[in-house]
>>> print(open('work_28.cif').read())   # mmCIF, C-alpha atoms and all ligand atoms
data_structure
loop_
_atom_site.label_atom_id
_atom_site.label_comp_id
_atom_site.auth_asym_id
_atom_site.auth_seq_id
_atom_site.Cartn_x
_atom_site.Cartn_y
_atom_site.Cartn_z
CA MET A 1 81.90 127.87 152.60
CA ARG A 2 84.46 125.11 152.74
CA LEU A 3 87.40 126.52 154.66
CA GLY A 4 90.97 125.34 154.18
CA ILE A 5 93.06 126.07 157.28
CA ILE A 6 96.80 125.95 156.79
CA SER A 7 99.21 125.96 159.71
CA ALA A 8 102.97 126.01 159.32
CA LEU A 9 103.73 124.26 162.60
CA HIS A 10 102.45 121.11 164.24
CA GLU A 11 101.72 122.84 167.57
CA GLU A 12 99.30 125.22 165.87
CA GLN A 13 97.33 122.54 164.09
CA GLN A 14 96.94 119.95 166.81
CA GLY A 15 94.18 121.66 168.80
CA LEU A 16 92.12 122.29 165.67
CA VAL A 17 92.28 118.67 164.55
CA GLU A 18 91.27 117.56 168.06
CA ALA A 19 88.29 119.93 167.96
CA MET A 20 87.03 118.57 164.61
CA GLN A 21 83.69 116.81 164.38
CA ARG A 22 83.67 113.63 162.27
CA PRO A 23 87.30 114.07 161.20
CA TYR A 24 88.81 111.92 158.53
CA LYS A 25 92.35 111.92 157.29
CA LEU A 26 93.58 111.84 153.71
CA ILE A 27 97.22 111.70 152.76
CA HIS A 28 98.31 113.44 149.60
CA GLY A 29 101.68 114.75 148.45
CA MET A 30 103.36 113.81 151.76
CA ARG A 31 100.85 115.79 153.81
CA GLU A 32 97.95 114.81 156.05
CA TYR A 33 94.70 116.61 155.25
CA TRP A 34 92.06 116.47 158.01
CA ALA A 35 88.53 117.11 156.77
CA GLY A 36 85.51 117.58 159.05
CA GLN A 37 83.43 120.22 160.78
CA LEU A 38 84.90 122.96 162.95
CA TRP A 39 82.28 124.91 164.90
CA GLU A 40 79.72 124.16 162.19
CA ILE A 41 82.04 125.15 159.35
CA ASP A 42 83.05 122.60 156.74
CA ALA A 43 86.83 122.63 157.09
CA VAL A 44 90.05 120.98 155.94
CA CYS A 45 93.14 121.40 158.15
CA VAL A 46 96.65 120.77 156.91
CA LEU A 47 100.25 121.43 157.86
CA SER A 48 102.01 123.18 155.00
CA ARG A 49 105.48 122.75 156.42
CA ILE A 50 107.86 125.66 156.07
CA GLY A 51 108.64 127.89 153.10
CA LYS A 52 106.99 129.34 150.01
CA VAL A 53 107.02 126.25 147.79
CA ALA A 54 105.59 124.07 150.57
CA ALA A 55 102.84 126.61 151.20
CA ALA A 56 102.03 127.08 147.50
CA MET A 57 101.74 123.34 146.96
CA THR A 58 99.48 122.98 149.99
CA ALA A 59 97.19 125.86 149.02
CA THR A 60 96.86 124.55 145.45
CA THR A 61 96.00 121.05 146.66
CA LEU A 62 93.39 122.40 149.07
CA VAL A 63 91.63 124.10 146.19
CA GLU A 64 92.10 121.57 143.41
CA LYS A 65 91.73 118.31 145.31
CA PHE A 66 89.70 119.22 148.39
CA GLY A 67 87.45 121.87 146.84
CA VAL A 68 87.93 124.54 149.49
CA THR A 69 86.32 127.89 148.71
CA HIS A 70 88.31 129.99 151.20
CA ILE A 71 91.77 129.66 152.77
CA LEU A 72 92.97 130.78 156.17
CA PHE A 73 96.64 130.67 157.14
CA THR A 74 97.55 130.80 160.82
CA GLY A 75 101.11 131.03 162.03
CA VAL A 76 103.82 132.97 163.79
CA ALA A 77 106.11 135.65 162.40
CA GLY A 78 108.97 137.98 163.21
CA ALA A 79 108.19 141.65 163.94
CA GLY A 80 108.77 143.86 160.90
CA ASP A 81 108.85 147.11 162.82
CA ALA A 82 110.00 148.27 166.24
CA SER A 83 106.45 149.23 167.17
CA ILE A 84 105.30 145.60 166.90
CA ALA A 85 105.85 143.46 170.00
CA VAL A 86 106.08 139.74 170.70
CA GLY A 87 102.53 138.55 171.40
CA ASP A 88 100.92 141.12 169.08
CA ILE A 89 98.76 139.83 166.25
CA VAL A 90 99.21 140.86 162.64
CA ILE A 91 96.46 140.44 160.07
CA ALA A 92 97.69 140.72 156.51
CA GLU A 93 95.92 143.18 154.27
CA SER A 94 98.53 142.64 151.59
CA LEU A 95 101.50 140.33 151.13
CA VAL A 96 104.75 140.56 149.22
CA GLN A 97 107.55 138.08 148.45
CA HIS A 98 110.55 139.96 149.84
CA ASP A 99 113.03 137.66 148.07
CA MET A 100 111.44 138.02 144.62
CA ASP A 101 113.82 140.06 142.47
CA ALA A 102 113.82 139.68 138.69
CA SER A 103 115.24 143.17 138.17
CA PRO A 104 116.17 144.69 135.83
CA LEU A 105 113.69 142.65 133.76
CA PHE A 106 110.86 143.46 136.18
CA PRO A 107 110.67 145.88 139.10
CA ARG A 108 112.01 144.45 142.36
CA HIS A 109 109.37 142.37 144.25
CA GLN A 110 107.08 142.13 141.24
CA VAL A 111 105.98 138.59 140.44
CA PRO A 112 106.81 138.29 136.75
CA LEU A 113 103.84 138.27 134.39
CA THR A 114 101.28 139.14 137.08
CA GLY A 115 102.12 142.85 137.12
CA LEU A 116 101.86 142.71 140.92
CA SER A 117 104.24 142.83 143.84
CA HIS A 118 101.61 143.10 146.60
CA PHE A 119 98.70 140.65 146.74
CA ALA A 120 95.62 141.73 148.69
CA SER A 121 93.87 139.42 151.13
CA ASP A 122 90.08 139.20 151.27
CA ARG A 123 88.67 142.26 153.06
CA GLN A 124 85.79 140.44 154.70
CA MET A 125 88.03 137.69 156.03
CA ALA A 126 90.57 140.24 157.27
CA SER A 127 87.94 142.16 159.18
CA ASN A 128 86.45 138.96 160.62
CA LEU A 129 89.93 137.93 161.70
CA ALA A 130 90.62 141.33 163.26
CA HIS A 131 87.39 141.09 165.20
CA ALA A 132 88.15 137.53 166.35
CA ALA A 133 91.70 138.52 167.34
CA GLN A 134 90.53 141.55 169.31
CA ARG A 135 87.96 139.48 171.17
CA PHE A 136 90.57 136.82 171.88
CA LEU A 137 92.90 139.40 173.45
CA GLU A 138 90.12 140.98 175.49
CA ARG A 139 88.31 137.87 176.66
CA ASP A 140 90.27 134.64 176.19
CA LEU A 141 93.93 135.47 176.68
CA VAL A 142 93.87 135.57 180.48
CA ASN A 143 92.37 132.10 180.68
CA ALA A 144 94.13 130.61 177.67
CA ILE A 145 97.69 131.38 178.78
CA ASP A 146 98.69 131.13 182.41
CA ALA A 147 100.06 134.09 184.33
CA GLN A 148 103.61 132.78 184.43
CA GLU A 149 103.82 132.43 180.66
CA ARG A 150 102.23 135.83 180.16
CA ALA A 151 104.93 137.28 182.41
CA VAL A 152 107.76 135.45 180.62
CA PHE A 153 106.68 136.88 177.26
CA ALA A 154 105.56 140.24 178.69
CA LEU A 155 102.09 139.80 177.26
CA GLN A 156 100.55 142.68 179.20
CA ALA A 157 98.58 144.38 176.50
CA PRO A 158 99.07 142.73 173.11
CA ARG A 159 97.64 144.58 170.12
CA VAL A 160 96.12 143.75 166.75
CA HIS A 161 97.68 145.31 163.64
CA ARG A 162 96.54 145.21 160.01
CA GLY A 163 98.78 145.78 157.02
CA LEU A 164 101.74 144.47 155.05
CA VAL A 165 103.33 141.05 155.61
CA ALA A 166 106.45 139.94 153.73
CA SER A 167 107.41 136.34 153.02
CA GLY A 168 110.64 134.76 151.83
CA ASP A 169 112.58 131.54 152.07
CA GLN A 170 114.68 132.85 154.93
CA PHE A 171 114.36 132.89 158.72
CA VAL A 172 115.19 136.51 159.46
CA SER A 173 117.47 136.68 162.47
CA HIS A 174 119.68 139.73 162.03
CA ARG A 175 118.96 143.31 162.93
CA ASP A 176 120.52 144.61 159.69
CA ARG A 177 118.40 142.30 157.58
CA ILE A 178 115.09 143.23 159.17
CA GLN A 179 115.97 146.90 158.96
CA ALA A 180 116.83 146.57 155.27
CA LEU A 181 113.54 144.78 154.62
CA GLY A 182 111.64 147.50 156.47
CA GLY A 183 113.45 150.15 154.41
CA ALA A 184 112.60 148.43 151.12
CA LEU A 185 108.98 147.71 152.05
CA PRO A 186 107.21 150.71 153.61
CA GLY A 187 104.56 149.75 156.14
CA LEU A 188 106.05 146.33 156.82
CA LEU A 189 104.51 144.72 159.94
CA ALA A 190 105.78 141.13 159.93
CA VAL A 191 108.13 138.71 158.19
CA GLU A 192 107.46 135.05 157.70
CA MET A 193 107.99 132.30 155.15
CA GLU A 194 104.66 131.28 153.60
CA GLY A 195 101.89 133.90 153.46
CA ALA A 196 102.74 135.62 150.18
CA ALA A 197 103.00 132.27 148.41
CA VAL A 198 99.47 131.38 149.53
CA ALA A 199 98.41 134.86 148.44
CA GLN A 200 99.74 134.38 144.91
CA VAL A 201 98.11 130.96 144.54
CA CYS A 202 94.78 132.30 145.82
CA PHE A 203 95.01 135.30 143.51
CA GLU A 204 95.64 133.08 140.50
CA LEU A 205 92.87 130.62 141.41
CA GLY A 206 90.37 133.30 142.49
CA ILE A 207 90.07 132.08 146.09
CA PRO A 208 89.44 134.54 148.96
CA PHE A 209 92.04 134.11 151.70
CA GLY A 210 93.23 135.51 155.02
CA VAL A 211 96.58 135.36 156.83
CA ILE A 212 96.92 135.85 160.57
CA ARG A 213 100.26 135.82 162.35
CA THR A 214 101.21 136.05 166.00
CA ILE A 215 104.54 137.75 166.57
CA SER A 216 106.95 135.21 168.05
CA ASP A 217 110.24 137.12 167.83
CA ASN A 218 111.86 140.36 166.72
CA ALA A 219 113.61 138.91 163.65
CA ASN A 220 116.96 139.76 165.26
CA GLU A 221 119.82 137.82 166.84
CA ASN A 222 117.50 136.43 169.56
CA ALA A 223 114.88 135.29 167.07
CA ALA A 224 115.64 131.57 167.11
CA THR A 225 115.49 131.18 170.91
CA ASP A 226 112.44 133.43 171.29
CA PHE A 227 110.69 131.63 168.46
CA MET A 228 111.15 128.14 169.93
CA ARG A 229 109.87 129.13 173.38
CA PHE A 230 106.95 131.08 172.03
CA VAL A 231 105.76 128.33 169.71
CA LYS A 232 105.79 125.78 172.52
CA SER A 233 103.80 127.69 175.07
CA VAL A 234 101.85 130.50 173.44
CA ALA A 235 101.32 130.22 169.68
CA ALA A 236 99.05 127.19 169.76
CA GLN A 237 96.59 128.87 172.13
CA TYR A 238 96.45 132.00 170.01
CA ALA A 239 95.76 130.00 166.83
CA PHE A 240 93.14 127.79 168.44
CA TYR A 241 91.08 130.49 170.13
CA ILE A 242 91.20 132.89 167.19
CA VAL A 243 90.19 130.25 164.64
CA ARG A 244 87.39 129.19 166.97
CA ARG A 245 86.06 132.73 167.23
CA PHE A 246 86.47 133.21 163.47
CA CYS A 247 84.49 130.03 162.66
CA GLN A 248 81.80 130.87 165.21
CA GLN A 249 81.41 134.35 163.72
CA VAL A 250 81.14 132.94 160.20
CA SER A 251 78.61 130.27 161.12
CA GLN A 252 76.57 132.85 163.03
CA ALA A 253 76.57 135.14 159.99
CA ASN A 254 75.55 132.21 157.76
CA LYS A 255 72.61 131.46 160.06
CA VAL A 256 71.48 135.07 160.02
CA SER A 257 71.66 135.28 156.23
CA ALA A 258 69.82 131.93 155.90
CA GLY A 259 67.13 133.33 158.22
CA THR A 260 67.41 130.44 160.72
N1 LIG B 301 113.50 125.69 163.69
C1 LIG B 301 112.13 125.71 163.27
C2 LIG B 301 112.09 126.43 161.96
C3 LIG B 301 110.97 127.38 161.93
S1 LIG B 301 111.06 128.49 160.63
C4 LIG B 301 111.60 124.32 163.22
O1 LIG B 301 112.39 123.41 163.29
O2 LIG B 301 110.39 124.11 163.15
C5 LIG B 301 110.03 129.74 161.24
C6 LIG B 301 108.56 129.59 160.99
O3 LIG B 301 107.88 130.64 161.67
C7 LIG B 301 108.17 129.78 159.55
O4 LIG B 301 107.05 128.99 159.27
C8 LIG B 301 107.90 131.29 159.42
O5 LIG B 301 106.74 131.56 158.65
C9 LIG B 301 107.68 131.79 160.84
N2 LIG B 301 108.63 132.79 161.37
C10 LIG B 301 108.67 133.15 162.67
N3 LIG B 301 109.64 134.05 162.90
C11 LIG B 301 110.24 134.30 161.70
C12 LIG B 301 111.34 135.12 161.30
N4 LIG B 301 111.99 135.86 162.18
N5 LIG B 301 111.70 135.09 160.00
C13 LIG B 301 111.04 134.32 159.11
N6 LIG B 301 110.01 133.50 159.45
C14 LIG B 301 109.59 133.48 160.71
#
>>> encode(input="work_28.cif", output="structure tokens")
Amino acid sequence: MRLGIISALHEEQQGLVEAMQRPYKLIHGMREYWAGQLWEIDAVCVLSRIGKVAAAMTATTLVEKFGVTHILFTGVAGAGDASIAVGDIVIAESLVQHDMDASPLFPRHQVPLTGLSHFASDRQMASNLAHAAQRFLERDLVNAIDAQERAVFALQAPRVHRGLVASGDQFVSHRDRIQALGGALPGLLAVEMEGAAVAQVCFELGIPFGVIRTISDNANENAATDFMRFVKSVAAQYAFYIVRRFCQQVSQANKVSAGT
């Protein structure tokens, strides 16, 4: 496995790059790609920047230029449903571009000429991520984020959810908008701006991928303030510890299957 790890925000990537063994940096297409070893996994970390085009370009480059075999996207997202709270973790099982609409030529949300509106993530990666996320919440959270921050964000008992994530080139920050998206996309758990673009690229290139998102805001009028605070003090820890557990699980499984 050569794992491409895409983060949307600087805060989420920094800890991973610092943890890399024998890191080296390559600049391509206005982005810094950090290649090295992360907990015994061959990895390439990169900041996609924000939005679907930025994410699609980054995912394509990871595959075509850096030869990654799997892609993992870590980031934050707005809650897509009232049952999802700030601090919860959403693992995408499928992803849809909520702003794709070529109707009446094609059904709403369908990506023209693929016949698909929802793109499935890799099942094995999703279940590894769910396991890593659950362990993080049970074992690492208390040490990773200090009590004061946990109180500020009411992180008493965060949960892991698996299901539908919607992406679009829009920061969702109105109650009406998130409700309309939820109405149009049954089962919606989270909204963000990159995941479904990575999903389409990975589908077209035949690359298994996973998307994990920590809920930073409720995609309503408070979203911008909540988002900024959350990213500064909480999101980076979530991303770091979950990716660490994920890589450790994968390298352990590799050792078992290699019989070492
Ligand atoms: N002001 C920020 C912009 C961040 S955009 C900055 O200067 O960096 C929000 C990022 O977090 C995107 O990468 C998106 O994927 C995710 N996100 C978090 N909450 C979101 C929401 N409510 N709607 C859409 N994307 C959201």
>>> closest_residue(input="work_28.cif", among="A:Gln97, A:Thr60, A:Ser48, A:Gln13", to="Cys202 in chain A", atoms="all atoms listed in the file")
A:Thr60
>>> residues_near_ligand(input="work_28.cif", ligand="ligand LIG 301 (chain B)", cutoff="9 Å", atoms="all atoms listed in the file", output="CSV table (one decimal) with C-alpha atoms, in the coordinates of the input")
chain,number,residue,atom,x,y,z
A,7,SER,CA,99.2,126.0,159.7
A,8,ALA,CA,103.0,126.0,159.3
A,9,LEU,CA,103.7,124.3,162.6
A,10,HIS,CA,102.4,121.1,164.2
A,48,SER,CA,102.0,123.2,155.0
A,49,ARG,CA,105.5,122.8,156.4
A,50,ILE,CA,107.9,125.7,156.1
A,51,GLY,CA,108.6,127.9,153.1
A,52,LYS,CA,107.0,129.3,150.0
A,75,GLY,CA,101.1,131.0,162.0
A,76,VAL,CA,103.8,133.0,163.8
A,77,ALA,CA,106.1,135.6,162.4
A,78,GLY,CA,109.0,138.0,163.2
A,79,ALA,CA,108.2,141.6,163.9
A,80,GLY,CA,108.8,143.9,160.9
A,167,SER,CA,107.4,136.3,153.0
A,168,GLY,CA,110.6,134.8,151.8
A,169,ASP,CA,112.6,131.5,152.1
A,170,GLN,CA,114.7,132.8,154.9
A,171,PHE,CA,114.4,132.9,158.7
A,172,VAL,CA,115.2,136.5,159.5
A,173,SER,CA,117.5,136.7,162.5
A,174,HIS,CA,119.7,139.7,162.0
A,178,ILE,CA,115.1,143.2,159.2
A,190,ALA,CA,105.8,141.1,159.9
A,191,VAL,CA,108.1,138.7,158.2
A,192,GLU,CA,107.5,135.0,157.7
A,193,MET,CA,108.0,132.3,155.2
A,194,GLU,CA,104.7,131.3,153.6
A,195,GLY,CA,101.9,133.9,153.5
A,213,ARG,CA,100.3,135.8,162.4
A,214,THR,CA,101.2,136.0,166.0
A,215,ILE,CA,104.5,137.8,166.6
A,216,SER,CA,107.0,135.2,168.0
A,217,ASP,CA,110.2,137.1,167.8
A,218,ASN,CA,111.9,140.4,166.7
A,219,ALA,CA,113.6,138.9,163.6
A,220,ASN,CA,117.0,139.8,165.3
A,223,ALA,CA,114.9,135.3,167.1
A,224,ALA,CA,115.6,131.6,167.1
A,226,ASP,CA,112.4,133.4,171.3
A,227,PHE,CA,110.7,131.6,168.5
A,228,MET,CA,111.2,128.1,169.9
A,231,VAL,CA,105.8,128.3,169.7
>>> residues_around(input="work_28.cif", residues="Asp81 in chain A", least_positions_apart="5", cutoff="7 Å", atoms="only C-alpha atoms", output="NGL selection string")
:A and (182 or 188-189)
>>> closest_residue(input="work_28.cif", among="A:Ile71, A:Arg108, A:Ala55, A:Ala85", to="Gln156 in chain A", atoms="all atoms listed in the file")
A:Ala85
>>> residues_around(input="work_28.cif", residues="Ser117 in chain A", least_positions_apart="6", cutoff="9 Å", atoms="only C-alpha atoms", output="PyMOL selection string")
chain A and resi 95-97+100+107-111
>>> closest_residue(input="work_28.cif", among="A:Arg245, A:His118, A:His28, A:Arg159", to="Phe203 in chain A", atoms="all atoms listed in the file")
A:His118
>>> residues_around(input="work_28.cif", residues="Phe209 in chain A", least_positions_apart="2", cutoff="9 Å", atoms="only C-alpha atoms", output="PyMOL selection string")
chain A and resi 69-73+120-123+125-126+198-199+202-203+207+211
>>> write_last_selection(input="work_28.cif", atoms="C-alpha atoms", output="short mmCIF file (atom, residue, chain, number, x, y, z; two decimals), in the frame of the given file")
data_model
loop_
_atom_site.label_atom_id
_atom_site.label_comp_id
_atom_site.auth_asym_id
_atom_site.auth_seq_id
_atom_site.Cartn_x
_atom_site.Cartn_y
_atom_site.Cartn_z
CA THR A 69 86.32 127.89 148.71
CA HIS A 70 88.31 129.99 151.20
CA ILE A 71 91.77 129.66 152.77
CA LEU A 72 92.97 130.78 156.17
CA PHE A 73 96.64 130.67 157.14
CA ALA A 120 95.62 141.73 148.69
CA SER A 121 93.87 139.42 151.13
CA ASP A 122 90.08 139.20 151.27
CA ARG A 123 88.67 142.26 153.06
CA MET A 125 88.03 137.69 156.03
CA ALA A 126 90.57 140.24 157.27
CA VAL A 198 99.47 131.38 149.53
CA ALA A 199 98.41 134.86 148.44
CA CYS A 202 94.78 132.30 145.82
CA PHE A 203 95.01 135.30 143.51
CA ILE A 207 90.07 132.08 146.09
CA VAL A 211 96.58 135.36 156.83
#
